[in-house]
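K.L.:
See input05.cif below, with mmCIF, C-alpha atoms and all ligand atoms.
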data_my_file
loop_
_atom_site.label_atom_id
_atom_site.label_comp_id
_atom_site.auth_asym_id
_atom_site.auth_seq_id
_atom_site.Cartn_x
_atom_site.Cartn_y
_atom_site.Cartn_z
CA MET A 1 0.00 0.00 0.00
CA GLN A 2 1.35 3.43 -0.89
CA ILE A 3 -0.37 6.57 0.25
CA PRO A 4 0.29 9.41 -2.20
CA PHE A 5 1.37 12.57 -0.40
CA GLY A 6 0.06 15.09 -2.84
CA ASN A 7 1.33 13.39 -5.99
CA LYS A 8 4.54 12.11 -4.39
CA SER A 9 5.52 8.97 -2.56
CA ILE A 10 7.32 9.10 0.78
CA GLU A 11 10.50 7.96 -1.02
CA GLU A 12 10.29 10.92 -3.40
CA LEU A 13 9.75 13.30 -0.52
CA ASN A 14 12.78 11.89 1.27
CA SER A 15 14.98 12.15 -1.79
CA GLU A 16 14.19 15.85 -2.08
CA ASN A 17 16.05 16.48 1.16
CA GLU A 18 19.76 16.35 0.44
CA ASN A 19 20.46 15.60 4.09
CA LEU A 20 18.63 12.32 3.89
CA ASP A 21 19.38 9.18 1.94
CA ASN A 22 16.66 7.99 -0.35
CA CYS A 23 15.65 5.67 2.44
CA HIS A 24 12.33 4.01 2.89
CA ILE A 25 11.41 5.96 6.00
CA VAL A 26 12.16 9.37 7.31
CA ARG A 27 15.04 8.78 9.66
CA GLY A 28 15.52 9.68 13.27
CA SER A 29 12.79 9.60 15.84
CA SER A 30 9.86 9.55 13.44
CA VAL A 31 7.06 7.04 13.93
CA GLU A 32 7.39 3.67 12.20
CA ILE A 33 5.90 2.95 8.76
CA GLU A 34 3.14 0.81 10.24
CA THR A 35 2.28 3.49 12.78
CA GLY A 36 1.98 6.08 10.02
CA LEU A 37 -0.38 3.80 8.13
CA ILE A 38 -2.47 3.15 11.25
CA LEU A 39 -2.77 6.89 11.89
CA TYR A 40 -3.82 7.52 8.30
CA GLY A 41 -6.35 4.68 8.37
CA LEU A 42 -7.92 5.69 11.66
CA ALA A 43 -8.24 9.33 10.63
CA ARG A 44 -9.87 8.29 7.35
CA MET A 45 -12.30 5.89 9.06
CA ASN A 46 -13.18 8.59 11.58
CA ASN A 47 -13.54 11.23 8.82
CA SER A 48 -11.32 13.44 10.98
CA ARG A 49 -11.26 17.12 10.08
CA VAL A 50 -9.66 18.61 13.20
CA ILE A 51 -6.58 16.80 14.47
CA ILE A 52 -4.17 17.67 17.30
CA GLU A 53 -0.65 16.26 17.19
CA THR A 54 2.11 16.84 19.76
CA GLY A 55 5.63 16.06 18.46
CA THR A 56 6.04 17.41 14.91
CA SER A 57 9.74 16.61 14.41
CA HIS A 58 10.35 14.89 11.05
CA CYS A 59 6.67 15.20 10.12
CA TYR A 60 6.32 11.52 9.28
CA SER A 61 3.21 11.16 11.43
CA ALA A 62 2.11 14.65 10.35
CA LEU A 63 2.31 13.62 6.68
CA HIS A 64 -0.11 10.77 7.28
CA LEU A 65 -2.49 12.85 9.38
CA ALA A 66 -2.51 15.83 7.02
CA GLN A 67 -2.97 13.52 4.02
CA ALA A 68 -5.96 11.94 5.78
CA ILE A 69 -7.45 15.40 6.33
CA LYS A 70 -7.00 16.24 2.65
CA ASP A 71 -8.54 12.92 1.58
CA ASN A 72 -11.43 13.52 4.02
CA GLY A 73 -12.23 16.74 2.17
CA GLY A 74 -10.32 19.30 4.22
CA GLY A 75 -9.76 20.47 7.76
CA MET A 76 -6.78 21.28 9.95
CA LEU A 77 -3.91 19.44 11.61
CA TYR A 78 -2.55 21.46 14.52
CA THR A 79 0.93 20.04 15.00
CA ILE A 80 2.84 21.20 18.08
CA ASP A 81 6.54 20.99 18.92
CA LYS A 82 8.91 22.94 21.11
CA GLU A 83 11.19 23.19 18.05
CA GLN A 84 10.55 23.97 14.41
CA GLY A 85 9.60 20.69 12.73
CA GLU A 86 10.47 19.61 9.19
CA THR A 87 7.27 21.06 7.82
CA PHE A 88 8.82 21.45 4.36
CA ARG A 89 7.75 17.83 3.88
CA LEU A 90 4.12 18.83 4.27
CA ASP A 91 4.57 21.75 1.89
CA ASN A 92 6.39 19.57 -0.66
CA ALA A 93 3.50 17.12 -0.47
CA GLY A 94 0.94 19.76 -1.32
CA LEU A 95 -0.51 19.73 2.18
CA SER A 96 0.13 23.38 3.11
CA ASN A 97 -3.57 24.10 3.48
CA CYS A 98 -4.09 21.19 5.85
CA TYR A 99 -1.79 22.07 8.74
CA GLN A 100 -0.68 24.72 11.20
CA SER A 101 2.68 24.33 12.95
CA LEU A 102 2.58 25.70 16.50
CA ILE A 103 5.91 26.07 18.27
CA GLY A 104 6.30 25.89 22.04
CA ASP A 105 5.87 23.57 24.97
CA SER A 106 2.88 21.42 24.08
CA VAL A 107 1.11 21.95 27.41
CA GLN A 108 1.41 25.71 27.08
CA VAL A 109 0.36 25.70 23.41
CA LEU A 110 -2.61 23.42 24.13
CA SER A 111 -3.67 25.69 27.00
CA ASP A 112 -3.92 28.56 24.53
CA LEU A 113 -5.31 26.55 21.60
CA MET A 114 -8.04 24.47 23.21
CA PRO A 115 -10.35 27.37 24.11
CA THR A 116 -10.35 28.43 20.43
CA LEU A 117 -11.58 25.05 19.11
CA ALA A 118 -15.16 23.83 19.34
CA GLU A 119 -14.40 20.15 18.93
CA ILE A 120 -11.54 17.77 18.04
CA ASP A 121 -11.90 14.58 15.99
CA PHE A 122 -8.49 13.03 16.59
CA VAL A 123 -5.56 13.39 18.99
CA PHE A 124 -2.04 11.98 18.54
CA LEU A 125 0.45 12.43 21.39
CA ASP A 126 4.17 11.97 20.59
CA ALA A 127 6.10 14.78 22.30
CA ASN A 128 7.55 14.62 25.82
CA HIS A 129 6.82 11.11 27.13
CA ALA A 130 7.14 11.93 30.82
CA ILE A 131 4.00 10.62 32.48
CA ASN A 132 2.92 13.92 34.02
CA HIS A 133 3.44 15.74 30.73
CA VAL A 134 1.28 13.27 28.81
CA ALA A 135 -1.32 13.45 31.59
CA ASP A 136 -1.39 17.24 31.19
CA GLU A 137 -1.81 16.90 27.40
CA LEU A 138 -4.73 14.53 28.04
CA ARG A 139 -6.25 16.86 30.63
CA LEU A 140 -6.29 19.65 28.05
CA THR A 141 -7.41 17.72 24.94
CA TRP A 142 -9.91 15.17 26.31
CA PRO A 143 -12.74 17.64 27.06
CA LYS A 144 -12.68 18.85 23.44
CA LEU A 145 -12.43 15.38 21.86
CA LYS A 146 -15.85 14.62 20.43
CA VAL A 147 -17.77 11.48 21.39
CA GLY A 148 -16.62 8.98 18.77
CA GLY A 149 -13.28 10.78 18.50
CA ILE A 150 -9.98 8.90 18.44
CA LEU A 151 -7.11 9.19 20.92
CA THR A 152 -3.73 7.79 19.88
CA ILE A 153 -0.52 7.79 21.91
CA HIS A 154 2.90 6.74 20.66
CA ASP A 155 5.47 4.82 22.75
CA VAL A 156 2.90 3.37 25.14
CA PHE A 157 5.35 0.59 26.06
CA ASN A 158 7.90 3.15 27.21
CA GLU A 159 8.10 2.31 30.90
CA ASN A 160 7.41 5.95 31.77
CA MET A 161 4.09 5.73 29.99
CA THR A 162 2.62 2.33 30.83
CA PRO A 163 1.10 3.18 34.25
CA LEU A 164 -0.87 6.03 32.71
CA CYS A 165 -1.92 3.89 29.73
CA TYR A 166 -3.12 1.06 31.99
CA SER A 167 -5.22 3.58 33.89
CA LEU A 168 -6.76 4.75 30.59
CA GLN A 169 -7.71 1.15 29.80
CA LYS A 170 -9.88 1.11 32.93
CA GLN A 171 -11.90 4.08 31.74
CA PHE A 172 -12.65 3.73 28.02
CA PRO A 173 -11.77 1.39 25.12
CA PHE A 174 -8.01 1.82 24.79
CA MET A 175 -5.88 -0.82 23.09
CA MET A 176 -2.09 -0.97 23.38
CA MET A 177 -0.50 -2.48 20.25
CA PRO A 178 3.19 -3.48 20.53
CA ASN A 179 5.53 -3.35 17.54
CA ARG A 180 9.05 -2.75 18.88
CA PRO A 181 10.40 -2.94 22.45
CA SER A 182 9.45 0.21 24.37
CA VAL A 183 7.42 1.57 21.45
CA GLY A 184 3.92 0.58 20.32
CA ILE A 185 0.83 2.66 19.82
CA GLY A 186 -2.20 3.17 22.04
CA ILE A 187 -5.53 3.53 20.25
CA GLY A 188 -8.68 4.59 22.04
CA GLN A 189 -12.11 5.94 21.33
CA LYS A 190 -14.10 8.34 23.48
CA ILE A 191 -17.48 6.64 23.70
CA GLU A 192 -19.25 8.92 26.16
CA ASP A 193 -18.87 12.47 27.34
CA VAL A 194 -17.41 11.77 30.77
CA PRO A 195 -14.36 13.39 32.37
CA LEU A 196 -11.09 11.47 32.32
CA ASP A 197 -9.67 10.56 35.71
CA LEU A 198 -5.95 11.29 35.42
CA ASN A 199 -5.13 10.25 38.95
CA TRP A 200 -3.38 7.26 37.41
CA GLU A 201 -1.64 6.09 40.59
CA ARG A 202 -4.97 5.59 42.33
CA LEU A 203 -6.46 3.80 39.32
CA LEU A 204 -3.76 1.13 39.08
C1 LIG B 1 9.54 11.38 18.84
S1 LIG B 1 9.66 12.99 18.18
C2 LIG B 1 8.17 13.10 17.25
C3 LIG B 1 8.24 12.33 15.93
C4 LIG B 1 7.14 12.68 14.95
N1 LIG B 1 5.86 12.30 15.46
C5 LIG B 1 7.42 12.06 13.60
O1 LIG B 1 6.79 11.04 13.24
O2 LIG B 1 8.29 12.58 12.87
C6 LIG B 1 9.32 13.94 19.61
C7 LIG B 1 9.26 15.45 19.41
O3 LIG B 1 8.66 16.00 20.59
C8 LIG B 1 9.23 17.27 20.80
N2 LIG B 1 9.03 17.64 22.22
C9 LIG B 1 9.64 17.11 23.31
N3 LIG B 1 9.18 17.70 24.43
C10 LIG B 1 8.24 18.60 24.04
C11 LIG B 1 7.40 19.51 24.72
N4 LIG B 1 7.44 19.62 26.07
N5 LIG B 1 6.56 20.28 24.00
C12 LIG B 1 6.52 20.18 22.66
N6 LIG B 1 7.29 19.33 21.95
C13 LIG B 1 8.14 18.55 22.62
C14 LIG B 1 10.69 17.11 20.41
O4 LIG B 1 11.22 18.38 20.07
C15 LIG B 1 10.60 16.14 19.23
O5 LIG B 1 10.61 16.85 18.02
#
Once you've parsed the file, please lay out its structure as structure tokens.
P.N.:
Amino acid sequence: MQIPFGNKSIEELNSENENLDNCHIVRGSSVEIETGLILYGLARMNNSRVIIETGTSHCYSALHLAQAIKDNGGGMLYTIDKEQGETFRLDNAGLSNCYQSLIGDSVQVLSDLMPTLAEIDFVFLDANHAINHVADELRLTWPKLKVGGILTIHDVFNENMTPLCYSLQKQFPFMMMPNRPSVGIGIGQKIEDVPLDLNWERLL
């Protein structure tokens, strides 16, 4: 399966960057190929139009999420990172109209952004994996995630993250899929409009 990013494949997009080999995946700390495909598929199934991502970086996950928005008929990916991400990939792929890059600490940016959005369809968390940081990102995004909306978290088998993820499993459908040691993706769906209990130590 090959998702076209604009009219280009991921290999073509990689080869346009002279700092990268023409390798099959964007290198570094980007999400894995299968994770990118899962994100794209979930966002398409969910017809997501408003997506929040923390951890822009190489934009590999952002490419899949923005492409899903385009294929869904339009919308906006708000992708947040404390540093400037490689958003040229999104521009090269013809996805400029489908994303906004917001730079700063994700908790601070989300604090400012959330009051401006009516509803979110999809959340992907892949920034700072410290448990309290992820809990803060959840505290800010969950109330705006629509019923039926999708929550995804990368690196759920990172030992910092598992206690929080196990506590999520006790509250709503949340599946943890392993792929590599300490990595994996968590996939959940908000099925009712109830607050999230983020007192994870008590819930274990
Ligand atoms: C694992 S990388 C994200 C990879 C990206 N999803 C991809 O597929 O290319 C993690 C990113 O989170 C960012 N980050 C770390 N702590 C952060 C924070 N407190 N706020 C915002 N971004 C943060 C880092 O700068 C880094 O770019």
K.L.:
Do you have the CA of Glu83 in chain A-atom C4 of ligand LIG 1 (chain B) distance handy?
P.N.:
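The value is 11.7 Å.
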K.L.:
Do you know which residues are within 7 Å of ligand LIG 1 (chain B) using all atoms listed in the file? Can you write them as a PyMOL selection string?
P.N.:
chain A and resi 29-31+54-62+80-83+85+104-107+126-128
K.L.:
Could you tell me how far CA of Gly74 in chain A lies from CA of Cys98 in chain A, in Å and to one decimal?
P.N.:
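These atoms are spaced 6.7 Å apart.
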K.L.:
Find the residue from A:Leu198, A:Leu113, A:Tyr78, A:Ala118 that sits nearest to Ala135 in chain A; use all atoms listed in the file when measuring.
P.N.:
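Ranked by minimum distance to Ala135 in chain A, first place goes to A:Leu198.
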K.L.:
Could you tell me how far CA of Leu77 in chain A sits from CA of Tyr99 in chain A, in Å to one decimal place?
P.N.:
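Interatomic distance, CA of Tyr99 in chain A to CA of Leu77 in chain A: 4.4 Å.
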K.L.:
Show me, as a tab-separated table, the residues of range 20-89 of chain A having an atom within 9 Å of range 139-155 of chain A, each with the closest atom pair and its distance in Å, using only C-alpha atoms.
P.N.:
residue	atom	partner	partner_atom	distance
A:Val31	CA	A:His154	CA	7.9
A:Thr35	CA	A:His154	CA	8.5
A:Leu39	CA	A:Thr152	CA	8.1
A:Leu42	CA	A:Ile150	CA	7.8
A:Ala43	CA	A:Ile150	CA	8.0
A:Asn46	CA	A:Gly149	CA	7.3
A:Ser48	CA	A:Gly149	CA	8.2
A:Ile52	CA	A:Thr141	CA	8.3
K.L.:
Store the residues picked out above in a file with C-alpha atoms, as an mmCIF file, in the coordinates of the input.
P.N.:
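Result saved to selection12.cif:
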data_model
loop_
_atom_site.group_PDB
_atom_site.id
_atom_site.type_symbol
_atom_site.label_atom_id
_atom_site.label_comp_id
_atom_site.auth_asym_id
_atom_site.auth_seq_id
_atom_site.Cartn_x
_atom_site.Cartn_y
_atom_site.Cartn_z
ATOM 1 C CA VAL A 31 7.060 7.040 13.930
ATOM 2 C CA THR A 35 2.280 3.490 12.780
ATOM 3 C CA LEU A 39 -2.770 6.890 11.890
ATOM 4 C CA LEU A 42 -7.920 5.690 11.660
ATOM 5 C CA ALA A 43 -8.240 9.330 10.630
ATOM 6 C CA ASN A 46 -13.180 8.590 11.580
ATOM 7 C CA SER A 48 -11.320 13.440 10.980
ATOM 8 C CA ILE A 52 -4.170 17.670 17.300
#
K.L.:
Rank A:Pro181, A:Pro115, A:Gly186, A:Pro173 by their smallest atom-to-atom distance to Ile38 in chain A, using all atoms listed in the file, and report the top residue only.
P.N.:
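Of A:Pro181, A:Pro115, A:Gly186, A:Pro173, the one nearest Ile38 in chain A is A:Gly186, counting all atoms listed in the file.
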K.L.:
Could you tell me which of A:Asp91, A:Glu159, A:Asp197, A:Glu119 comes closest to Asp136 in chain A if we count only C-alpha atoms?
P.N.:
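Among the listed residues, the smallest separation from Asp136 in chain A belongs to A:Asp197.
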K.L.:
Could you check which of A:Val194, A:Val50, A:Leu204, A:Ala130 is closest to Gly73 in chain A, using all atoms listed in the file?
P.N.:
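That would be A:Val50, the residue with the smallest distance to Gly73 in chain A.
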K.L.:
Given the choices A:Gln171, A:Ser182, A:Thr79, A:Thr116, which gets closest to Gln100 in chain A if the distance is worked out from only C-alpha atoms?
P.N.:
A:Thr79
K.L.:
Hey, which of A:Phe172, A:Ala93, A:Asp71, A:Glu53 ends up closest to Leu110 in chain A? Count all atoms listed in the file.
P.N.:
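Under the stated criterion, the closest residue is A:Glu53.
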K.L.:
So which residues touch Gly41 in chain A within 12 Å, counting all atoms listed in the file, skipping near sequence neighbours fewer than 6 positions away, as a PDB file with C-alpha atoms, keeping the file's coordinate frame?
P.N.:
ATOM      1  CA  MET A   1       0.000   0.000   0.000  1.00  0.00           C
ATOM      2  CA  ILE A   3      -0.370   6.570   0.250  1.00  0.00           C
ATOM      3  CA  GLU A  34       3.140   0.810  10.240  1.00  0.00           C
ATOM      4  CA  THR A  35       2.280   3.490  12.780  1.00  0.00           C
ATOM      5  CA  ASN A  47     -13.540  11.230   8.820  1.00  0.00           C
ATOM      6  CA  SER A  48     -11.320  13.440  10.980  1.00  0.00           C
ATOM      7  CA  SER A  61       3.210  11.160  11.430  1.00  0.00           C
ATOM      8  CA  HIS A  64      -0.110  10.770   7.280  1.00  0.00           C
ATOM      9  CA  LEU A  65      -2.490  12.850   9.380  1.00  0.00           C
ATOM     10  CA  ALA A  66      -2.510  15.830   7.020  1.00  0.00           C
ATOM     11  CA  GLN A  67      -2.970  13.520   4.020  1.00  0.00           C
ATOM     12  CA  ALA A  68      -5.960  11.940   5.780  1.00  0.00           C
ATOM     13  CA  ILE A  69      -7.450  15.400   6.330  1.00  0.00           C
ATOM     14  CA  ASP A  71      -8.540  12.920   1.580  1.00  0.00           C
ATOM     15  CA  ASN A  72     -11.430  13.520   4.020  1.00  0.00           C
ATOM     16  CA  PHE A 122      -8.490  13.030  16.590  1.00  0.00           C
ATOM     17  CA  ILE A 150      -9.980   8.900  18.440  1.00  0.00           C
ATOM     18  CA  ILE A 187      -5.530   3.530  20.250  1.00  0.00           C
TER      19      ILE A 187
END
